[in-house]
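S.K.: Mind looking over this structure? Questions follow.
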There are 2 protein chains.
Amino acid sequence: MTKITIKDVALRAGVSVKTVSRVINNEVNVRAEMQEKVKKAVNELGFRRNPLARALRNQQTSILSLLYSNPNPGYILEVQNGIQAQCDLDNYNLQILPCDHNDEHFFEKIESLLQRSSTDGVLLIEPLCDMPEVIDLLDKYKLPYALISPATSKPKAPFARSNDEQASYQMTEYLISQGHKDIAFIMGDPSHGDSHQRLKGYQNALAEYNISVDDTFFEQGYFTFESGEISARRLLSLKNRPSAIFASNDYMAAAVLKVAAQKQIKVPQELSIVGYDDTPVSKQIWPALTTVRQPIRDISSHATKKLIAQLNKCSFDEVKTLFECQLVVRESTSVWASD
Amino acid sequence: MTKITIKDVALRAGVSVKTVSRVINNEVNVRAEMQEKVKKAVNELGFRRNPLARALRNQQTSILSLLYSNPNPGYILEVQNGIQAQCDLDNYNLQILPCDHNDEHFFEKIESLLQRSSTDGVLLIEPLCDMPEVIDLLDKYKLPYALISPATSKPKAPFARSNDEQASYQMTEYLISQGHKDIAFIMGDPSHGDSHQRLKGYQNALAEYNISVDDTFFEQGYFTFESGEISARRLLSLKNRPSAIFASNDYMAAAVLKVAAQKQIKVPQELSIVGYDDTPVSKQIWPALTTVRQPIRDISSHATKKLIAQLNKCSFDEVKTLFECQLVVRESTSVWASD
DNA sequence: TTGAAAGCGCTAACAT
DNA sequence: ATGTTAGCGCTTTCAA
């Protein structure tokens, strides 16, 4: 089977290649009559244009790349789906470049990834989107990029993110409204910007309601189940243990639940637990976790939209970059009757 | 910044473009002297060859595509990583084509995905790899493909998979060795081939050990937490309830754990539960699940290797296509003292 | 061992 | 409104 080119189509339709090109690209200035002839030939021959030749000629590949180093499968997949949705709309393809930022040869690796792939633009997520070295590399290769949920307050690239701080504030406020005062907090990986946002929201809410919290109620976690378990063990061994624990993500919250179960502490009656992210696990444990849902898909789509706009040099000055999160109340929290 | 082409390099090095081409492709028949000159020029100019032009000329894109419709994030990510690992080795790039096989316009969608993307070959996972219509579509477009864990016993395309039936047999055998006789089974989605393999392994083990099991101990699930919950509710409401439940994946096993907790049935003392897949959730719940780990990464890498071999027309007749699974014993199972 | 020239399939100038 | 031609950057005949 030989490839069908526009030459073949032109021959068959009895027109020039340019006319064929015009038709398949929906350009104006083609008589309806010609249109018909060409379309007929295209169908008869089963012609499909070669994206490669197009790409070479147009100097654009219609490929976007997602560069990431992130261990959270549920999150990444949502991001991928969000990007893909926008790509579908704009006829782009999505290429993935997974890597490991803890790898010794990290920078060489992504450099080689970038080199051998041809891409029009790159999408970055945490923690890469906050690493200046990565940004510099992209700048060096003159690759346009957009950031998905960066922590930096004023990124110089297009970005979209959720209002983490506000969501964290609301979650804390919710716990307070349930009568909780002794609310412990397990922070996420300090190298992720989100961790700080979430902490801030929690602290602000406490301040707002004039609640002062014991230092022992703060734990540094790392977004992993294991780190959550360690923190939970400490928190739940305190003589005055908290009535509620706010874990910065669901994995750590699940770990708190485990430790509580082991210590025969009833959740939510004797302890309220909340997580963050609404990952699948939050529904797969019992009691199901009260958590925060981020519109990851929307955020990712939006960042992608901005990137594509930039590629097309369309000034896409839509102001919206901050997306609202949603409180998801499930079974791991309840009213606290102090004393 | 203008793009550096091999012309520029040739000029700088004072040789012909062909010589440059020879050097950057590590061809033979180039004098060391020339090599040096060219390499120097390449470095000085910061030349990087244009993958697009290469692709057009060579009629190969060096892009592989993963086409999938699968709701299991952990699984997909492992697959992606496995494919990527092989791609790294062979200098391919990975493009993802997520889709939804329950979508009304499913076939049109993947057809359009396939059309607008240029790819050398496609990798398929469950359930797509078992759908004849999908295979036909790929054949129609003359796209080479390989299958990751297909259910079909003798696929006509290159494939790699795990020995699910055997692993399922071993898991059942393990439960029997712990003294269990009343072992219930929750099957997975019947449209996934794995579901049947796992069932068969379970049945074979029971037969081998002359254990006959009540019909009420069989439940049809769909690999979702919700379906597992429904099945678990039935199983744990039986007057003679099973002493062990074998769920065909971890999500359903997690659901069994939930129902047991709600019914105050102690796991593993009063009920052993096992899952399958060793997904992250299996460690994020308490007690942690005894489960089966599939070498998903290896399987995916291997299928990719075969696909690439096929693309290069290398006859890659390595026989190994079946990968061993591994029993992961955690805390959700224990010895059963009958009576 | 090296080089000149053709061409992969397409689109944008530039004619007509 | 339509056609001719050049060329995107690379590799591959084929000739020297």
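The chains in the structure tokens are called A, B, ... from first to last as shown; in each chain the residues are counted from 1, and the ligands are counted from 1 in the order shown.
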Give me the residues near range 9-13 of chain C as a compact mmCIF listing (two decimals) with N, CA and C atoms, in the first residue's frame, where near means some atom within 7 Å (using only C-alpha atoms (C1' of nucleotides)) and where sequence neighbours in that chain fewer than 2 positions away do not count.

M.R.:
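Saved as part.txt:
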# COMPACT_ATOMS: atom_id res chain seq x y z
N THR A 5 -0.89 10.89 -1.38
CA THR A 5 -0.50 12.27 -1.10
C THR A 5 -1.47 13.22 -1.80
N ASN A 50 -0.49 14.07 5.73
CA ASN A 50 0.65 13.67 6.54
C ASN A 50 0.99 14.77 7.54
N ALA A 53 4.70 16.18 7.41
CA ALA A 53 5.05 17.13 6.35
C ALA A 53 4.48 18.51 6.72
N ARG A 54 3.26 18.46 7.20
CA ARG A 54 2.63 19.69 7.66
C ARG A 54 3.46 20.36 8.74
N ARG A 57 6.72 21.78 7.41
CA ARG A 57 6.44 22.98 6.62
C ARG A 57 6.03 24.15 7.53

S.K.: Skipping near chain neighbours, those fewer than 5 positions away, what residues fall within 8 Å of range 199-212 of chain A using only C-alpha atoms (C1' of nucleotides), listed as a list of chain:residue names?

M.R.: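 Contacts, in chain order: A:Asp164, A:Glu165, A:Gln166, A:Ala167, A:Ser168, A:Tyr169, A:Gln170, A:Met171, A:Thr172, A:Glu173, A:Lys181, A:Phe185, A:Met187.
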
S.K.: With C-alpha atoms retained, write the just-selected residues as a JSON list (two decimals), in the first residue's frame.

M.R.:
[["chain", "number", "residue", "atom", "x", "y", "z"],
["A", 164, "ASP", "CA", -5.68, 26.51, 48.00],
["A", 165, "GLU", "CA", -5.31, 28.97, 50.79],
["A", 166, "GLN", "CA", -8.95, 29.85, 50.73],
["A", 167, "ALA", "CA", -10.04, 26.22, 50.60],
["A", 168, "SER", "CA", -7.82, 25.42, 53.52],
["A", 169, "TYR", "CA", -9.30, 28.35, 55.39],
["A", 170, "GLN", "CA", -12.80, 27.09, 54.69],
["A", 171, "MET", "CA", -11.98, 23.59, 55.79],
["A", 172, "THR", "CA", -10.59, 24.87, 59.07],
["A", 173, "GLU", "CA", -13.58, 27.12, 59.47],
["A", 181, "LYS", "CA", -10.83, 23.95, 68.92],
["A", 185, "PHE", "CA", -2.29, 20.17, 61.30],
["A", 187, "MET", "CA", 1.77, 19.87, 56.71]]

S.K.: Return as number ranges by chain the full set of residues in range 129-225 of chain B whose backbone-based DSSP assignment is alpha helix (DSSP H).

M.R.: B: 132-140, 164-177, 193-208, 225

S.K.: Within 12 Å of DA16 in chain D, counting only C-alpha atoms (C1' of nucleotides), which residues show up once you throw out same-chain ones fewer than 5 positions away? Write them as a ChimeraX atom specification, please.

M.R.: /C:1-4

S.K.: Of the residues B:Ser177, B:Gln35, B:Gln326, B:Thr61, which is the one nearest to Ile296 in chain B, using only C-alpha atoms?

M.R.: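 Of the candidates, the smallest distance to Ile296 in chain B is held by B:Gln326.
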
S.K.: Can you list every residue of chain A that has an atom at most 8 Å from chain B, with its nearest atom pair and the distance in Å to one decimal, using only C-alpha atoms, ordered by chain then number, as JSON lines?

M.R.:
{"residue": "A:Arg48", "atom": "CA", "partner": "B:Gln115", "partner_atom": "CA", "distance": 7.4}
{"residue": "A:Asn50", "atom": "CA", "partner": "B:Ser118", "partner_atom": "CA", "distance": 7.7}
{"residue": "A:Pro51", "atom": "CA", "partner": "B:Ser118", "partner_atom": "CA", "distance": 6.1}
{"residue": "A:Leu52", "atom": "CA", "partner": "B:Leu56", "partner_atom": "CA", "distance": 5.7}
{"residue": "A:Ala53", "atom": "CA", "partner": "B:Leu56", "partner_atom": "CA", "distance": 6.1}
{"residue": "A:Ala55", "atom": "CA", "partner": "B:Leu52", "partner_atom": "CA", "distance": 7.0}
{"residue": "A:Leu56", "atom": "CA", "partner": "B:Leu52", "partner_atom": "CA", "distance": 5.7}
{"residue": "A:Thr61", "atom": "CA", "partner": "B:Leu52", "partner_atom": "CA", "distance": 7.9}
{"residue": "A:Pro73", "atom": "CA", "partner": "B:Gly74", "partner_atom": "CA", "distance": 5.4}
{"residue": "A:Gly74", "atom": "CA", "partner": "B:Pro73", "partner_atom": "CA", "distance": 5.4}
{"residue": "A:Leu77", "atom": "CA", "partner": "B:Pro73", "partner_atom": "CA", "distance": 6.2}
{"residue": "A:Asn81", "atom": "CA", "partner": "B:Pro98", "partner_atom": "CA", "distance": 7.2}
{"residue": "A:Gln84", "atom": "CA", "partner": "B:Pro98", "partner_atom": "CA", "distance": 7.6}
{"residue": "A:Asn91", "atom": "CA", "partner": "B:Arg116", "partner_atom": "CA", "distance": 7.2}
{"residue": "A:Asn93", "atom": "CA", "partner": "B:Ser117", "partner_atom": "CA", "distance": 6.5}
{"residue": "A:Leu94", "atom": "CA", "partner": "B:Gln95", "partner_atom": "CA", "distance": 5.7}
{"residue": "A:Gln95", "atom": "CA", "partner": "B:Gln95", "partner_atom": "CA", "distance": 4.0}
{"residue": "A:Ile96", "atom": "CA", "partner": "B:Leu94", "partner_atom": "CA", "distance": 6.0}
{"residue": "A:Leu97", "atom": "CA", "partner": "B:Leu94", "partner_atom": "CA", "distance": 7.6}
{"residue": "A:Pro98", "atom": "CA", "partner": "B:Asn81", "partner_atom": "CA", "distance": 7.3}
{"residue": "A:Gln115", "atom": "CA", "partner": "B:Arg48", "partner_atom": "CA", "distance": 7.4}
{"residue": "A:Arg116", "atom": "CA", "partner": "B:Pro51", "partner_atom": "CA", "distance": 6.9}
{"residue": "A:Ser117", "atom": "CA", "partner": "B:Asn93", "partner_atom": "CA", "distance": 6.5}
{"residue": "A:Ser118", "atom": "CA", "partner": "B:Pro51", "partner_atom": "CA", "distance": 6.2}
{"residue": "A:Phe225", "atom": "CA", "partner": "B:Gln284", "partner_atom": "CA", "distance": 6.7}
{"residue": "A:Tyr251", "atom": "CA", "partner": "B:Gln284", "partner_atom": "CA", "distance": 7.0}
{"residue": "A:Ala254", "atom": "CA", "partner": "B:Gln284", "partner_atom": "CA", "distance": 6.1}
{"residue": "A:Ala255", "atom": "CA", "partner": "B:Gln284", "partner_atom": "CA", "distance": 6.6}
{"residue": "A:Lys258", "atom": "CA", "partner": "B:Trp286", "partner_atom": "CA", "distance": 5.3}
{"residue": "A:Ala261", "atom": "CA", "partner": "B:Trp286", "partner_atom": "CA", "distance": 7.6}
{"residue": "A:Val281", "atom": "CA", "partner": "B:Val281", "partner_atom": "CA", "distance": 6.2}
{"residue": "A:Gln284", "atom": "CA", "partner": "B:Ala254", "partner_atom": "CA", "distance": 6.1}
{"residue": "A:Ile285", "atom": "CA", "partner": "B:Ile285", "partner_atom": "CA", "distance": 6.4}
{"residue": "A:Trp286", "atom": "CA", "partner": "B:Lys258", "partner_atom": "CA", "distance": 5.3}
{"residue": "A:Pro287", "atom": "CA", "partner": "B:Lys258", "partner_atom": "CA", "distance": 7.8}

S.K.: If we count only C-alpha atoms (C1' of nucleotides), what is near Ala337 in chain B at a cut-off of 12 Å, once residues fewer than 4 positions away on the same chain are taken out, given as a list in words?

M.R.: Ile176, Ser177, Gln178, Gly179, His180, Lys181, Asp182, Ser243, Gln269, Glu270 and Leu271 of chain B

S.K.: Could those residues be written to a file, using N, CA, C and O atoms, as a CSV table (one decimal), in the first residue's frame?

M.R.:
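Dumped to result18.csv:
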chain,number,residue,atom,x,y,z
B,176,ILE,N,-6.1,-21.5,51.5
B,176,ILE,CA,-6.4,-22.9,51.9
B,176,ILE,C,-5.3,-23.3,52.9
B,176,ILE,O,-5.6,-23.9,53.9
B,177,SER,N,-4.1,-23.0,52.6
B,177,SER,CA,-3.0,-23.4,53.5
B,177,SER,C,-3.2,-22.7,54.9
B,177,SER,O,-2.6,-23.2,55.9
B,178,GLN,N,-3.9,-21.6,54.9
B,178,GLN,CA,-4.2,-21.0,56.2
B,178,GLN,C,-5.4,-21.6,56.9
B,178,GLN,O,-5.8,-21.1,58.0
B,179,GLY,N,-5.9,-22.6,56.3
B,179,GLY,CA,-7.0,-23.3,57.0
B,179,GLY,C,-8.4,-22.9,56.5
B,179,GLY,O,-9.4,-23.4,56.9
B,180,HIS,N,-8.4,-22.0,55.5
B,180,HIS,CA,-9.7,-21.6,55.0
B,180,HIS,C,-10.3,-22.6,54.0
B,180,HIS,O,-9.6,-23.2,53.2
B,181,LYS,N,-11.6,-22.8,54.2
B,181,LYS,CA,-12.4,-23.6,53.3
B,181,LYS,C,-13.5,-22.9,52.6
B,181,LYS,O,-13.9,-23.1,51.5
B,182,ASP,N,-14.1,-22.0,53.4
B,182,ASP,CA,-15.2,-21.2,52.9
B,182,ASP,C,-14.7,-19.9,52.3
B,182,ASP,O,-14.7,-18.9,52.9
B,243,SER,N,-15.2,-17.5,55.5
B,243,SER,CA,-14.1,-17.1,56.4
B,243,SER,C,-13.1,-16.3,55.7
B,243,SER,O,-12.2,-15.6,56.3
B,269,GLN,N,-9.0,-11.5,62.1
B,269,GLN,CA,-9.3,-12.6,63.0
B,269,GLN,C,-10.6,-13.4,62.6
B,269,GLN,O,-10.6,-14.6,62.6
B,270,GLU,N,-11.6,-12.6,62.3
B,270,GLU,CA,-12.9,-13.2,61.9
B,270,GLU,C,-13.1,-13.3,60.4
B,270,GLU,O,-14.1,-14.0,60.0
B,271,LEU,N,-12.3,-12.7,59.7
B,271,LEU,CA,-12.5,-12.7,58.2
B,271,LEU,C,-11.2,-12.3,57.6
B,271,LEU,O,-10.6,-11.3,57.9

S.K.: What does the structure give for the distance between CA of Ala151 in chain B and CA of Asp194 in chain B, in Å to one decimal?

M.R.: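 Going from CA of Ala151 in chain B over to CA of Asp194 in chain B covers 6.0 Å.
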
S.K.: Pick out the chain D residues within 7 Å of chain A. Count only C-alpha atoms (C1' of nucleotides). Give them as a PDB file with all heavy atoms, in the first residue's frame.

M.R.:
ATOM      1  P    DA D   1     -13.022  34.130  -5.365  1.00  0.00           P
ATOM      2  OP1  DA D   1     -14.213  33.577  -4.708  1.00  0.00           O
ATOM      3  OP2  DA D   1     -11.887  34.453  -4.473  1.00  0.00           O
ATOM      4  O5'  DA D   1     -12.519  33.038  -6.396  1.00  0.00           O
ATOM      5  C5'  DA D   1     -13.461  32.378  -7.222  1.00  0.00           C
ATOM      6  C4'  DA D   1     -12.641  31.603  -8.203  1.00  0.00           C
ATOM      7  O4'  DA D   1     -11.488  32.415  -8.588  1.00  0.00           O
ATOM      8  C3'  DA D   1     -12.069  30.286  -7.671  1.00  0.00           C
ATOM      9  O3'  DA D   1     -12.124  29.331  -8.716  1.00  0.00           O
ATOM     10  C2'  DA D   1     -10.625  30.637  -7.292  1.00  0.00           C
ATOM     11  C1'  DA D   1     -10.280  31.707  -8.320  1.00  0.00           C
ATOM     12  N9   DA D   1      -9.333  32.710  -7.822  1.00  0.00           N
ATOM     13  C8   DA D   1      -9.440  33.485  -6.710  1.00  0.00           C
ATOM     14  N7   DA D   1      -8.426  34.308  -6.530  1.00  0.00           N
ATOM     15  C5   DA D   1      -7.600  34.052  -7.611  1.00  0.00           C
ATOM     16  C6   DA D   1      -6.359  34.585  -8.011  1.00  0.00           C
ATOM     17  N6   DA D   1      -5.725  35.548  -7.317  1.00  0.00           N
ATOM     18  N1   DA D   1      -5.800  34.096  -9.141  1.00  0.00           N
ATOM     19  C2   DA D   1      -6.446  33.155  -9.826  1.00  0.00           C
ATOM     20  N3   DA D   1      -7.614  32.574  -9.560  1.00  0.00           N
ATOM     21  C4   DA D   1      -8.145  33.067  -8.418  1.00  0.00           C
ATOM     22  P    DT D   2     -11.848  27.828  -8.447  1.00  0.00           P
ATOM     23  OP1  DT D   2     -12.598  27.018  -9.423  1.00  0.00           O
ATOM     24  OP2  DT D   2     -12.025  27.611  -6.999  1.00  0.00           O
ATOM     25  O5'  DT D   2     -10.316  27.693  -8.789  1.00  0.00           O
ATOM     26  C5'  DT D   2      -9.943  27.389 -10.126  1.00  0.00           C
ATOM     27  C4'  DT D   2      -8.472  27.598 -10.300  1.00  0.00           C
ATOM     28  O4'  DT D   2      -8.013  28.743  -9.565  1.00  0.00           O
ATOM     29  C3'  DT D   2      -7.587  26.461  -9.796  1.00  0.00           C
ATOM     30  O3'  DT D   2      -7.224  25.690 -10.928  1.00  0.00           O
ATOM     31  C2'  DT D   2      -6.385  27.156  -9.163  1.00  0.00           C
ATOM     32  C1'  DT D   2      -6.612  28.623  -9.497  1.00  0.00           C
ATOM     33  N1   DT D   2      -6.091  29.615  -8.526  1.00  0.00           N
ATOM     34  C2   DT D   2      -4.898  30.228  -8.786  1.00  0.00           C
ATOM     35  O2   DT D   2      -4.218  29.981  -9.773  1.00  0.00           O
ATOM     36  N3   DT D   2      -4.508  31.149  -7.847  1.00  0.00           N
ATOM     37  C4   DT D   2      -5.201  31.517  -6.696  1.00  0.00           C
ATOM     38  O4   DT D   2      -4.754  32.353  -5.937  1.00  0.00           O
ATOM     39  C5   DT D   2      -6.448  30.835  -6.481  1.00  0.00           C
ATOM     40  C7   DT D   2      -7.277  31.151  -5.291  1.00  0.00           C
ATOM     41  C6   DT D   2      -6.840  29.911  -7.401  1.00  0.00           C
ATOM     42  P    DG D   3      -6.338  24.396 -10.773  1.00  0.00           P
ATOM     43  OP1  DG D   3      -6.650  23.469 -11.883  1.00  0.00           O
ATOM     44  OP2  DG D   3      -6.415  23.940  -9.368  1.00  0.00           O
ATOM     45  O5'  DG D   3      -4.900  25.004 -11.049  1.00  0.00           O
ATOM     46  C5'  DG D   3      -4.650  25.639 -12.285  1.00  0.00           C
ATOM     47  C4'  DG D   3      -3.222  26.133 -12.344  1.00  0.00           C
ATOM     48  O4'  DG D   3      -3.036  27.177 -11.347  1.00  0.00           O
ATOM     49  C3'  DG D   3      -2.167  25.063 -12.027  1.00  0.00           C
ATOM     50  O3'  DG D   3      -1.122  25.204 -12.978  1.00  0.00           O
ATOM     51  C2'  DG D   3      -1.688  25.422 -10.628  1.00  0.00           C
ATOM     52  C1'  DG D   3      -1.849  26.934 -10.618  1.00  0.00           C
ATOM     53  N9   DG D   3      -2.058  27.527  -9.304  1.00  0.00           N
ATOM     54  C8   DG D   3      -3.081  27.252  -8.416  1.00  0.00           C
ATOM     55  N7   DG D   3      -3.033  27.972  -7.330  1.00  0.00           N
ATOM     56  C5   DG D   3      -1.904  28.777  -7.496  1.00  0.00           C
ATOM     57  C6   DG D   3      -1.345  29.761  -6.647  1.00  0.00           C
ATOM     58  O6   DG D   3      -1.756  30.125  -5.542  1.00  0.00           O
ATOM     59  N1   DG D   3      -0.206  30.331  -7.195  1.00  0.00           N
ATOM     60  C2   DG D   3       0.323  30.007  -8.414  1.00  0.00           C
ATOM     61  N2   DG D   3       1.422  30.650  -8.787  1.00  0.00           N
ATOM     62  N3   DG D   3      -0.189  29.091  -9.231  1.00  0.00           N
ATOM     63  C4   DG D   3      -1.302  28.515  -8.710  1.00  0.00           C
ATOM     64  P    DC D   8      14.543  26.322   3.257  1.00  0.00           P
ATOM     65  OP1  DC D   8      14.972  27.715   3.359  1.00  0.00           O
ATOM     66  OP2  DC D   8      15.487  25.276   2.829  1.00  0.00           O
ATOM     67  O5'  DC D   8      13.923  25.859   4.642  1.00  0.00           O
ATOM     68  C5'  DC D   8      12.776  26.475   5.215  1.00  0.00           C
ATOM     69  C4'  DC D   8      11.989  25.426   5.978  1.00  0.00           C
ATOM     70  O4'  DC D   8      11.130  24.732   5.059  1.00  0.00           O
ATOM     71  C3'  DC D   8      12.879  24.347   6.587  1.00  0.00           C
ATOM     72  O3'  DC D   8      13.145  24.697   7.945  1.00  0.00           O
ATOM     73  C2'  DC D   8      12.033  23.081   6.508  1.00  0.00           C
ATOM     74  C1'  DC D   8      10.946  23.411   5.469  1.00  0.00           C
ATOM     75  N1   DC D   8      10.950  22.600   4.209  1.00  0.00           N
ATOM     76  C2   DC D   8       9.824  21.886   3.812  1.00  0.00           C
ATOM     77  O2   DC D   8       8.823  21.913   4.530  1.00  0.00           O
ATOM     78  N3   DC D   8       9.854  21.186   2.656  1.00  0.00           N
ATOM     79  C4   DC D   8      10.958  21.190   1.900  1.00  0.00           C
ATOM     80  N4   DC D   8      10.943  20.492   0.757  1.00  0.00           N
ATOM     81  C5   DC D   8      12.126  21.916   2.288  1.00  0.00           C
ATOM     82  C6   DC D   8      12.078  22.588   3.436  1.00  0.00           C
TER      83       DC D   8
END

S.K.: To one decimal place, how far is CA of Ser195 in chain B from CA of Lys154 in chain B in Å?

M.R.: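 Pair CA of Ser195 in chain B / CA of Lys154 in chain B returns 16.9 Å.
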
S.K.: Thr290 in chain A: which residues within 6 Å, counting only C-alpha atoms (C1' of nucleotides), same-chain residues fewer than 6 positions away excluded, as a count of residues only?

M.R.: 5

S.K.: I want to know what sits within 7 Å of Gln86 in chain A, based on only C-alpha atoms (C1' of nucleotides), with residues of the same chain fewer than 5 positions away left out; could you give that as a PyMOL selection string?

M.R.: chain A and resi 301+304-305

S.K.: Name all residues at most 10 Å from Ala13 in chain A (count only C-alpha atoms (C1' of nucleotides); drop same-chain ones fewer than 6 positions away) and give them as a PDB file with C-alpha atoms, in the first residue's frame.

M.R.:
ATOM      1  CA  LYS A   7      -0.557  14.922  -5.542  1.00  0.00           C
ATOM      2  CA  THR A  19      -6.403  23.631  -4.651  1.00  0.00           C
ATOM      3  CA  VAL A  20      -6.409  20.377  -2.773  1.00  0.00           C
ATOM      4  CA  MET A  34     -13.910  22.413  -6.993  1.00  0.00           C
ATOM      5  CA  GLN A  35     -14.632  21.652  -3.387  1.00  0.00           C
ATOM      6  CA  GLU A  36     -16.837  18.811  -4.455  1.00  0.00           C
ATOM      7  CA  LYS A  37     -14.381  17.359  -6.890  1.00  0.00           C
ATOM      8  CA  VAL A  38     -11.600  17.394  -4.352  1.00  0.00           C
ATOM      9  CA  LYS A  39     -13.681  15.990  -1.547  1.00  0.00           C
ATOM     10  CA  LYS A  40     -14.811  13.203  -3.775  1.00  0.00           C
ATOM     11  CA  ALA A  41     -11.263  12.309  -4.698  1.00  0.00           C
ATOM     12  CA  VAL A  42     -10.193  12.466  -1.067  1.00  0.00           C
TER      13      VAL A  42
END

S.K.: Please measure the separation of CA of Leu124 in chain B and CA of Gln197 in chain B, giving the value in Å to one decimal.

M.R.: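 Interatomic distance here is 18.7 Å.
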
S.K.: Which residues in range 54-240 of chain A does DSSP call strand (DSSP E)? List them as a PyMOL selection string.

M.R.: chain A and resi 63-68+93-98+121-124+145-148+159-162+183-187+218-220

S.K.: Since we have the selection now, will you write its residues out, keeping N, CA and C atoms, as a CSV table (one decimal), in the first residue's frame?

M.R.:
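What landed in out02.csv:
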chain,number,residue,atom,x,y,z
A,63,ILE,N,2.2,19.3,18.9
A,63,ILE,CA,2.4,18.4,20.1
A,63,ILE,C,2.7,19.2,21.3
A,64,LEU,N,2.0,18.9,22.4
A,64,LEU,CA,2.3,19.6,23.6
A,64,LEU,C,2.9,18.5,24.6
A,65,SER,N,3.8,18.9,25.5
A,65,SER,CA,4.4,17.9,26.3
A,65,SER,C,4.1,18.2,27.8
A,66,LEU,N,3.8,17.2,28.5
A,66,LEU,CA,3.6,17.3,29.9
A,66,LEU,C,4.9,16.7,30.6
A,67,LEU,N,5.6,17.6,31.2
A,67,LEU,CA,6.8,17.2,31.9
A,67,LEU,C,6.5,17.1,33.4
A,68,TYR,N,6.7,15.9,34.0
A,68,TYR,CA,6.4,15.8,35.4
A,68,TYR,C,7.3,14.8,36.2
A,93,ASN,N,-1.7,17.2,20.1
A,93,ASN,CA,-1.5,15.9,20.7
A,93,ASN,C,-0.7,16.0,22.0
A,94,LEU,N,-0.9,15.1,22.9
A,94,LEU,CA,-0.2,15.2,24.1
A,94,LEU,C,0.9,14.1,24.3
A,95,GLN,N,2.1,14.6,24.6
A,95,GLN,CA,3.2,13.7,24.8
A,95,GLN,C,3.6,13.8,26.2
A,96,ILE,N,3.9,12.7,26.8
A,96,ILE,CA,4.3,12.8,28.3
A,96,ILE,C,5.8,12.5,28.5
A,97,LEU,N,6.3,13.3,29.4
A,97,LEU,CA,7.7,13.2,29.7
A,97,LEU,C,7.9,13.0,31.2
A,98,PRO,N,7.7,11.7,31.7
A,98,PRO,CA,7.8,11.5,33.1
A,98,PRO,C,9.3,11.5,33.4
A,121,GLY,N,5.2,23.1,22.9
A,121,GLY,CA,5.2,23.8,24.2
A,121,GLY,C,5.1,22.8,25.3
A,122,VAL,N,5.4,23.2,26.5
A,122,VAL,CA,5.5,22.3,27.7
A,122,VAL,C,4.6,22.7,28.8
A,123,LEU,N,4.0,21.7,29.4
A,123,LEU,CA,3.2,22.0,30.6
A,123,LEU,C,3.9,21.4,31.8
A,124,LEU,N,3.9,22.2,32.9
A,124,LEU,CA,4.7,21.8,34.1
A,124,LEU,C,3.7,21.7,35.3
A,145,TYR,N,6.0,27.6,27.6
A,145,TYR,CA,5.4,26.7,28.7
A,145,TYR,C,4.4,27.4,29.5
A,146,ALA,N,3.6,26.6,30.1
A,146,ALA,CA,2.6,27.1,31.1
A,146,ALA,C,2.6,26.2,32.3
A,147,LEU,N,2.2,26.9,33.4
A,147,LEU,CA,2.4,26.2,34.7
A,147,LEU,C,1.0,25.8,35.3
A,148,ILE,N,0.9,24.6,35.8
A,148,ILE,CA,-0.3,24.1,36.4
A,148,ILE,C,-0.1,24.1,37.9
A,159,PHE,N,-0.3,30.6,33.7
A,159,PHE,CA,-0.5,29.6,34.7
A,159,PHE,C,-2.0,29.6,35.1
A,160,ALA,N,-2.4,28.5,35.8
A,160,ALA,CA,-3.7,28.4,36.4
A,160,ALA,C,-3.5,27.6,37.7
A,161,ARG,N,-4.3,28.0,38.7
A,161,ARG,CA,-4.2,27.3,39.9
A,161,ARG,C,-5.5,27.4,40.7
A,162,SER,N,-5.5,26.6,41.8
A,162,SER,CA,-6.7,26.7,42.6
A,162,SER,C,-6.4,27.6,43.8
A,183,ILE,N,-7.4,21.7,66.9
A,183,ILE,CA,-7.2,21.2,65.6
A,183,ILE,C,-5.7,21.1,65.2
A,184,ALA,N,-5.3,19.8,65.1
A,184,ALA,CA,-3.9,19.6,64.7
A,184,ALA,C,-3.8,19.7,63.2
A,185,PHE,N,-2.5,20.0,62.7
A,185,PHE,CA,-2.3,20.2,61.3
A,185,PHE,C,-1.1,19.4,60.9
A,186,ILE,N,-1.2,18.6,59.9
A,186,ILE,CA,0.0,17.9,59.3
A,186,ILE,C,0.3,18.5,58.0
A,187,MET,N,1.4,19.1,57.9
A,187,MET,CA,1.8,19.9,56.7
A,187,MET,C,2.3,18.9,55.6
A,218,PHE,N,1.3,20.8,65.6
A,218,PHE,CA,1.8,20.9,64.3
A,218,PHE,C,2.8,19.8,63.9
A,219,GLU,N,2.6,19.2,62.8
A,219,GLU,CA,3.5,18.1,62.4
A,219,GLU,C,3.9,18.4,60.9
A,220,GLN,N,5.2,18.1,60.7
A,220,GLN,CA,5.7,18.2,59.3
A,220,GLN,C,5.6,16.9,58.6
